[in-house]
>>> print(open('my_file.csv').read())   # CSV, C-alpha atoms
chain,number,residue,atom,x,y,z
A,1,MET,CA,0.0,0.0,0.0
A,2,ASN,CA,1.4,3.4,-1.0
A,3,THR,CA,2.0,5.9,1.7
A,4,ILE,CA,-0.2,9.0,1.5
A,5,LEU,CA,1.9,12.1,1.9
A,6,PRO,CA,1.2,15.8,1.3
A,7,ASN,CA,1.5,17.2,-2.2
A,8,LEU,CA,1.1,20.8,-0.9
A,9,ILE,CA,3.3,22.6,1.7
A,10,ILE,CA,2.5,26.1,3.0
A,11,VAL,CA,6.0,27.0,4.0
A,12,GLY,CA,5.4,30.4,5.7
A,13,ALA,CA,6.6,33.0,6.3
A,14,ALA,CA,5.7,33.2,10.0
A,15,LYS,CA,3.0,35.8,11.1
A,16,CYS,CA,2.0,36.3,7.4
A,17,GLY,CA,-1.4,34.6,7.5
A,18,THR,CA,-0.5,30.9,7.3
A,19,SER,CA,-3.2,30.1,9.9
A,20,SER,CA,-5.9,31.8,7.9
A,21,LEU,CA,-4.8,30.3,4.6
A,22,HIS,CA,-4.7,26.8,6.2
A,23,ASN,CA,-8.2,27.2,7.5
A,24,TYR,CA,-9.5,28.6,4.2
A,25,LEU,CA,-8.0,25.7,2.3
A,26,GLU,CA,-9.5,23.3,4.8
A,27,GLN,CA,-13.0,24.4,3.9
A,28,HIS,CA,-12.6,23.3,0.3
A,29,PRO,CA,-14.1,19.8,-0.3
A,30,GLN,CA,-11.2,18.8,-2.5
A,31,VAL,CA,-8.5,19.7,0.0
A,32,PHE,CA,-7.3,17.8,3.0
A,33,MET,CA,-5.2,19.9,5.5
A,34,SER,CA,-3.5,18.2,8.4
A,35,LYS,CA,-5.5,18.7,11.7
A,36,VAL,CA,-2.2,19.6,13.3
A,37,LYS,CA,-1.7,23.0,11.7
A,38,GLU,CA,2.0,23.4,12.4
A,39,PRO,CA,3.6,19.9,12.6
A,40,ARG,CA,7.1,21.3,11.8
A,41,PHE,CA,8.3,17.9,10.8
A,42,ILE,CA,10.6,19.3,8.2
A,43,SER,CA,12.5,21.6,10.5
A,44,SER,CA,12.5,19.0,13.3
A,45,GLN,CA,14.8,16.9,11.2
A,46,PHE,CA,17.7,19.4,11.7
A,47,MET,CA,16.8,21.8,14.5
A,48,PRO,CA,18.5,21.4,17.9
A,49,PRO,CA,16.3,21.9,21.0
A,50,LEU,CA,15.0,25.5,21.4
A,51,GLN,CA,16.2,27.6,24.3
A,52,GLY,CA,14.0,30.7,24.5
A,53,PRO,CA,11.3,31.5,27.1
A,54,GLY,CA,8.3,29.2,26.6
A,55,ASP,CA,10.0,27.4,23.7
A,56,HIS,CA,9.7,24.1,25.4
A,57,LYS,CA,5.9,24.4,25.3
A,58,VAL,CA,6.0,25.1,21.5
A,59,GLU,CA,8.4,22.2,20.9
A,60,LYS,CA,6.0,19.7,22.6
A,61,TRP,CA,3.6,19.7,19.7
A,62,TYR,CA,6.3,19.2,17.0
A,63,VAL,CA,5.8,16.1,15.0
A,64,LYS,CA,9.4,14.7,14.8
A,65,LYS,CA,9.0,11.1,13.6
A,66,PHE,CA,8.2,10.3,10.0
A,67,SER,CA,5.8,7.6,11.2
A,68,ASP,CA,3.8,10.2,13.1
A,69,TYR,CA,3.9,12.6,10.2
A,70,LYS,CA,2.5,10.0,7.9
A,71,LYS,CA,-0.4,9.5,10.3
A,72,LEU,CA,-1.5,13.1,9.8
A,73,PHE,CA,-2.6,12.1,6.3
A,74,GLU,CA,-4.0,8.7,6.9
A,75,ASN,CA,-7.6,9.9,6.1
A,76,SER,CA,-6.6,11.9,3.0
A,77,ASP,CA,-7.0,9.2,0.4
A,78,GLY,CA,-9.2,10.5,-2.5
A,79,TYR,CA,-8.4,14.2,-1.9
A,80,PRO,CA,-6.7,15.8,-4.9
A,81,VAL,CA,-4.8,18.2,-2.5
A,82,ARG,CA,-3.2,17.1,0.7
A,83,GLY,CA,-1.4,19.8,2.6
A,84,GLU,CA,0.2,21.0,5.8
A,85,SER,CA,1.4,24.4,7.0
A,86,SER,CA,4.6,24.9,9.0
A,87,ALA,CA,5.6,28.6,9.1
A,88,ASP,CA,9.3,28.0,9.9
A,89,THR,CA,10.0,26.0,6.8
A,90,PHE,CA,10.6,29.1,4.7
A,91,TYR,CA,13.0,30.8,7.2
A,92,PHE,CA,15.2,27.7,7.4
A,93,TYR,CA,15.1,27.2,3.6
A,94,GLU,CA,18.8,26.1,3.3
A,95,LYS,CA,18.2,23.1,5.4
A,96,SER,CA,14.5,22.6,4.9
A,97,ILE,CA,14.5,22.3,1.1
A,98,PRO,CA,16.7,19.1,1.0
A,99,VAL,CA,14.4,17.6,3.7
A,100,ILE,CA,11.3,18.4,1.6
A,101,LYS,CA,12.9,16.8,-1.4
A,102,GLN,CA,14.0,13.7,0.6
A,103,TYR,CA,10.5,13.0,2.0
A,104,LEU,CA,8.0,14.6,-0.4
A,105,GLY,CA,9.8,15.0,-3.7
A,106,ASP,CA,8.4,18.1,-5.6
A,107,PRO,CA,5.2,19.2,-3.9
A,108,LYS,CA,3.4,22.4,-4.7
A,109,ILE,CA,4.7,25.3,-2.5
A,110,ILE,CA,2.8,28.3,-1.2
A,111,ILE,CA,4.7,31.2,0.3
A,112,LEU,CA,2.9,34.0,2.1
A,113,LEU,CA,4.7,37.4,2.4
A,114,ARG,CA,3.7,40.4,4.4
A,115,ASN,CA,5.0,44.0,4.8
A,116,PRO,CA,8.2,43.1,6.7
A,117,VAL,CA,7.9,45.9,9.2
A,118,LYS,CA,4.3,44.8,10.1
A,119,ARG,CA,5.4,41.2,10.2
A,120,SER,CA,8.2,41.9,12.6
A,121,PHE,CA,6.0,43.9,15.0
A,122,SER,CA,3.3,41.3,14.8
A,123,ALA,CA,5.8,38.7,15.9
A,124,TYR,CA,6.6,40.9,18.9
A,125,GLN,CA,3.0,41.3,19.8
A,126,HIS,CA,2.4,37.6,19.5
A,127,LEU,CA,5.1,37.0,22.2
A,128,VAL,CA,3.7,39.8,24.4
A,129,ARG,CA,0.3,38.1,24.0
A,130,ASP,CA,1.6,34.8,25.2
A,131,GLN,CA,3.8,36.4,28.0
A,132,ARG,CA,7.0,35.2,26.4
A,133,GLU,CA,8.5,38.7,25.8
A,134,ASN,CA,9.2,41.1,28.7
A,135,LEU,CA,11.3,43.6,26.7
A,136,THR,CA,10.2,46.5,24.6
A,137,PHE,CA,10.2,46.0,20.8
A,138,GLU,CA,13.3,48.1,20.5
A,139,GLU,CA,15.1,46.1,23.2
A,140,GLY,CA,14.1,42.9,21.6
A,141,LEU,CA,15.6,44.1,18.3
A,142,ALA,CA,18.8,45.0,20.1
A,143,HIS,CA,19.0,41.5,21.5
A,144,GLU,CA,18.0,39.7,18.3
A,145,ASP,CA,21.5,38.5,17.3
A,146,GLU,CA,22.1,37.1,20.8
A,147,ARG,CA,18.8,35.3,20.8
A,148,ILE,CA,19.5,33.8,17.3
A,149,LYS,CA,22.9,32.6,18.5
A,150,ASN,CA,21.3,31.0,21.6
A,151,ASN,CA,18.7,29.2,19.4
A,152,TRP,CA,15.6,30.9,20.6
A,153,GLU,CA,12.5,30.1,18.5
A,154,LEU,CA,12.3,31.9,15.2
A,155,ILE,CA,9.4,34.1,16.5
A,156,TYR,CA,12.0,36.0,18.4
A,157,HIS,CA,14.0,36.7,15.2
A,158,TYR,CA,12.1,39.8,14.5
A,159,LYS,CA,14.2,41.3,11.6
A,160,ALA,CA,15.8,38.1,10.3
A,161,VAL,CA,12.5,36.4,9.5
A,162,SER,CA,11.3,39.4,7.6
A,163,LEU,CA,14.1,39.1,5.1
A,164,TYR,CA,12.5,37.3,2.2
A,165,ALA,CA,14.5,37.5,-0.9
A,166,ALA,CA,17.0,34.6,-0.4
A,167,GLY,CA,14.2,32.2,0.6
A,168,VAL,CA,11.9,33.2,-2.3
A,169,LYS,CA,14.8,32.7,-4.7
A,170,ALA,CA,15.7,29.3,-3.3
A,171,PHE,CA,12.2,27.9,-3.4
A,172,LEU,CA,11.6,29.2,-7.0
A,173,GLU,CA,14.9,27.5,-8.1
A,174,ASN,CA,14.2,24.2,-6.4
A,175,PHE,CA,10.6,23.5,-7.0
A,176,LYS,CA,8.5,23.5,-10.2
A,177,ASN,CA,5.2,24.8,-8.7
A,178,VAL,CA,5.7,27.7,-6.3
A,179,LYS,CA,3.1,30.4,-5.7
A,180,VAL,CA,3.8,33.5,-3.7
A,181,VAL,CA,0.8,35.3,-2.1
A,182,LEU,CA,0.8,38.7,-0.4
A,183,THR,CA,-0.9,38.8,3.0
A,184,GLU,CA,-2.4,42.1,2.1
A,185,GLU,CA,-4.1,40.5,-0.9
A,186,LEU,CA,-5.5,37.7,1.2
A,187,GLU,CA,-6.9,40.1,3.8
A,188,LYS,CA,-8.4,42.6,1.3
A,189,ASN,CA,-9.8,40.2,-1.3
A,190,PRO,CA,-10.0,36.8,0.3
A,191,GLN,CA,-12.4,35.3,-2.2
A,192,GLN,CA,-10.5,36.4,-5.3
A,193,THR,CA,-7.2,35.4,-3.8
A,194,MET,CA,-8.4,32.0,-2.8
A,195,ALA,CA,-9.9,31.4,-6.3
A,196,ASP,CA,-6.5,32.2,-7.7
A,197,ILE,CA,-4.9,29.7,-5.2
A,198,PHE,CA,-7.6,27.1,-6.1
A,199,ASN,CA,-6.6,27.5,-9.7
A,200,PHE,CA,-3.0,27.0,-8.8
A,201,LEU,CA,-4.0,23.7,-7.1
A,202,ASN,CA,-6.1,22.6,-10.1
A,203,ILE,CA,-9.3,22.3,-8.1
A,204,GLU,CA,-12.8,23.9,-8.3
A,205,THR,CA,-12.3,27.7,-8.3
A,206,SER,CA,-15.8,28.8,-7.6
A,207,PHE,CA,-16.0,27.5,-4.1
A,208,THR,CA,-16.9,30.2,-1.6
A,209,ILE,CA,-14.9,30.3,1.6
A,210,SER,CA,-16.0,31.7,5.0
A,211,SER,CA,-13.4,34.4,5.8
A,212,GLU,CA,-15.0,36.4,8.7
A,213,ILE,CA,-12.8,34.8,11.4
A,214,ARG,CA,-9.3,36.0,11.9
A,215,TYR,CA,-6.8,33.3,13.0
A,216,ASN,CA,-3.8,33.6,15.4
A,217,VAL,CA,-4.3,37.3,15.9
A,218,SER,CA,-1.5,39.2,17.7
A,219,GLY,CA,-1.9,41.9,20.3
A,220,LYS,CA,-1.8,42.6,24.1
A,221,PRO,CA,-4.6,40.9,26.0
A,222,ARG,CA,-7.0,43.1,27.9
A,223,SER,CA,-7.5,40.2,30.2
A,224,GLN,CA,-4.5,37.8,30.5
A,225,TRP,CA,-6.7,35.4,32.4
A,226,LEU,CA,-9.2,35.2,29.6
A,227,HIS,CA,-6.5,34.6,27.0
A,228,GLN,CA,-5.0,31.8,29.1
A,229,PHE,CA,-8.5,30.3,29.7
A,230,LEU,CA,-9.2,30.2,25.9
A,231,PHE,CA,-5.8,29.0,24.6
A,232,GLU,CA,-3.5,27.8,27.4
A,233,GLY,CA,-5.2,24.7,28.6
A,234,HIS,CA,-6.7,26.4,31.7
A,235,PRO,CA,-7.9,23.8,34.3
A,236,LEU,CA,-11.4,25.4,34.5
A,237,ARG,CA,-11.7,25.1,30.7
A,238,ASN,CA,-10.7,21.5,30.9
A,239,LEU,CA,-13.3,20.9,33.5
A,240,MET,CA,-16.0,22.6,31.5
A,241,ARG,CA,-15.1,21.0,28.1
A,242,PRO,CA,-17.2,17.8,28.5
A,243,VAL,CA,-20.4,19.8,29.3
A,244,VAL,CA,-19.8,22.3,26.5
A,245,ARG,CA,-19.3,19.6,24.0
A,246,LEU,CA,-22.8,18.3,24.6
A,247,PHE,CA,-24.3,21.6,23.3
A,248,LEU,CA,-21.8,23.0,20.9
A,249,SER,CA,-20.0,21.5,17.9
A,250,HIS,CA,-16.2,21.7,17.5
A,251,GLU,CA,-16.6,24.4,14.8
A,252,THR,CA,-18.9,26.5,16.9
A,253,ARG,CA,-16.6,26.3,19.9
A,254,LYS,CA,-13.6,27.2,17.7
A,255,ARG,CA,-15.5,30.2,16.2
A,256,ILE,CA,-16.6,31.5,19.6
A,257,SER,CA,-13.0,31.2,21.0
A,258,LEU,CA,-11.4,33.0,18.1
A,259,LYS,CA,-14.0,35.8,18.2
A,260,VAL,CA,-13.6,36.3,21.9
A,261,GLN,CA,-9.8,36.2,21.5
A,262,GLU,CA,-9.9,38.9,18.9
A,263,LYS,CA,-12.1,41.2,21.0
A,264,ASN,CA,-9.8,40.6,24.0
A,265,LEU,CA,-6.6,41.8,22.1
A,266,VAL,CA,-5.5,45.4,21.8
A,267,LYS,CA,-3.2,46.3,18.9
A,268,MET,CA,0.0,47.9,20.2
A,269,LYS,CA,1.6,51.0,18.5
A,270,LEU,CA,4.9,51.0,16.8
A,271,ASN,CA,7.3,53.9,17.5
A,272,SER,CA,7.6,56.1,14.4
A,273,GLU,CA,11.4,56.2,14.6
A,274,THR,CA,11.6,52.4,14.8
A,275,ARG,CA,9.3,52.1,11.8
A,276,THR,CA,11.5,54.4,9.8
A,277,MET,CA,14.6,52.5,10.9
A,278,LEU,CA,13.1,49.2,9.9
A,279,LYS,CA,11.9,50.5,6.5
A,280,LYS,CA,15.5,51.5,5.7
A,281,TYR,CA,16.8,48.1,6.9
A,282,PHE,CA,14.4,46.2,4.7
A,283,GLN,CA,14.5,48.4,1.6
A,284,THR,CA,17.2,46.5,-0.3
A,285,ASP,CA,15.6,43.1,0.4
A,286,ILE,CA,12.2,44.4,-0.7
A,287,GLU,CA,13.7,45.6,-3.9
A,288,HIS,CA,15.2,42.1,-4.5
A,289,VAL,CA,11.8,40.5,-3.9
A,290,GLN,CA,10.2,42.9,-6.3
A,291,LEU,CA,12.6,41.7,-9.0
A,292,LEU,CA,12.0,38.0,-8.2
A,293,LEU,CA,8.3,38.3,-8.3
A,294,LYS,CA,8.1,41.0,-11.0
A,295,LYS,CA,5.6,42.8,-8.7
A,296,ASP,CA,5.5,46.3,-7.3
A,297,LEU,CA,6.0,46.2,-3.5
A,298,SER,CA,6.6,49.9,-3.0
A,299,HIS,CA,3.5,50.1,-0.7
A,300,TRP,CA,5.5,48.2,1.9
A,301,LEU,CA,7.9,51.2,2.1
A,302,ASN,CA,5.1,53.8,1.9
A,303,ASP,CA,2.8,52.4,4.6
>>> encode(input="my_file.csv", output="structure tokens")
Amino acid sequence: MNTILPNLIIVGAAKCGTSSLHNYLEQHPQVFMSKVKEPRFISSQFMPPLQGPGDHKVEKWYVKKFSDYKKLFENSDGYPVRGESSADTFYFYEKSIPVIKQYLGDPKIIILLRNPVKRSFSAYQHLVRDQRENLTFEEGLAHEDERIKNNWELIYHYKAVSLYAAGVKAFLENFKNVKVVLTEELEKNPQQTMADIFNFLNIETSFTISSEIRYNVSGKPRSQWLHQFLFEGHPLRNLMRPVVRLFLSHETRKRISLKVQEKNLVKMKLNSETRTMLKKYFQTDIEHVQLLLKKDLSHWLND
């Protein structure tokens, strides 16, 4: 019996909307997306243990064994598209590309790219949200090289993860079917963007997705208790879960949790001087990405 493996990989970049794209694709009847949204099997084959605050919690849900990775797709027989989304695969492209080829051959690749300044600050807000960052954004930027050297999770690599050109070039050169999607396009025109993605995947393009829910939103919680209750395995939530399941479906529970989370989060403000500094830092890389994609990205510098 042939092993069923993914023929689509959403490789990142992190904090660029991979969670939303994963969930939109999951709605399509011709697509099977792994229930574990971020298995990180590819990077687990070469990454040493992570050392940053809270990184041990993240690493617990990594799927490190190929036998376990295969199990994620056991029920995908008959689906034209079988996919998974691991947002660190793009960042570690030098080591991840050989692993993809070794285990999966030449799958279709989707890369999501976002305004690099906004992506960097969103990563910071993500860590503030989860109480894994106690420095200001500017202090975090100053400590970035040290954190990278000490192998903190890539979410702490605020500037480095927002440098896209080398990764885009590598994936375009190593795989036959690569699609790059801008986060801004997915947010502003989700139906049109998804129809374009469905066309790339050679499946029915007229399928209408439900896009009102925002996934994995960053921000500072108004109530840290509420955030932990919803997403950190709070004991009270575990106690209530069997009763709630009697009345609400999984999808309804998920929808309510995400809506409440979004309402509970407050967007933080980026210092204007820091914004200007980051625009200058990313300018050359943005220009290289423009050439690779043959696409105007000047709005990233003008926002």
>>> atom_distance(input="my_file.csv", atom1="CA of Lys71 in chain A", atom2="CA of Ser85 in chain A")
15.4 Å
>>> atom_distance(input="my_file.csv", atom1="CA of Tyr91 in chain A", atom2="CA of Ala166 in chain A")
9.4 Å
>>> atom_distance(input="my_file.csv", atom1="CA of Val99 in chain A", atom2="CA of Gln45 in chain A")
7.5 Å
>>> residues_around(input="my_file.csv", residues="Asn271 in chain A", least_positions_apart="4", cutoff="9 Å", atoms="all atoms listed in the file", output="list of chain:residue names")
A:Glu138, A:Arg275, A:Thr276
>>> closest_residue(input="my_file.csv", among="A:Ile109, A:Ile155, A:Leu127, A:Ile10", to="Phe175 in chain A", atoms="all atoms listed in the file")
A:Ile109
>>> residues_near_point(input="my_file.csv", point="(11.8, 43.6, 14.2)", cutoff="7 Å", atoms="only C-alpha atoms", output="MDAnalysis selection string")
chainID A and resid 117 120:121 141 158:159
>>> closest_residue(input="my_file.csv", among="A:Val178, A:Val161, A:Ile209, A:Ala170", to="Thr193 in chain A", atoms="all atoms listed in the file")
A:Ile209
>>> residues_around(input="my_file.csv", residues="Ser122 in chain A", least_positions_apart="2", cutoff="10 Å", atoms="all atoms listed in the file", output="mmCIF file with C-alpha atoms, in the frame of the given file")
data_model
loop_
_atom_site.group_PDB
_atom_site.id
_atom_site.type_symbol
_atom_site.label_atom_id
_atom_site.label_comp_id
_atom_site.auth_asym_id
_atom_site.auth_seq_id
_atom_site.Cartn_x
_atom_site.Cartn_y
_atom_site.Cartn_z
ATOM 1 C CA ALA A 14 5.700 33.200 10.000
ATOM 2 C CA LYS A 15 3.000 35.800 11.100
ATOM 3 C CA CYS A 16 2.000 36.300 7.400
ATOM 4 C CA PRO A 116 8.200 43.100 6.700
ATOM 5 C CA VAL A 117 7.900 45.900 9.200
ATOM 6 C CA LYS A 118 4.300 44.800 10.100
ATOM 7 C CA ARG A 119 5.400 41.200 10.200
ATOM 8 C CA SER A 120 8.200 41.900 12.600
ATOM 9 C CA TYR A 124 6.600 40.900 18.900
ATOM 10 C CA GLN A 125 3.000 41.300 19.800
ATOM 11 C CA HIS A 126 2.400 37.600 19.500
ATOM 12 C CA LEU A 127 5.100 37.000 22.200
ATOM 13 C CA VAL A 128 3.700 39.800 24.400
ATOM 14 C CA ILE A 155 9.400 34.100 16.500
ATOM 15 C CA TYR A 158 12.100 39.800 14.500
ATOM 16 C CA VAL A 217 -4.300 37.300 15.900
ATOM 17 C CA SER A 218 -1.500 39.200 17.700
ATOM 18 C CA GLY A 219 -1.900 41.900 20.300
ATOM 19 C CA LYS A 267 -3.200 46.300 18.900
ATOM 20 C CA MET A 268 0.000 47.900 20.200
#
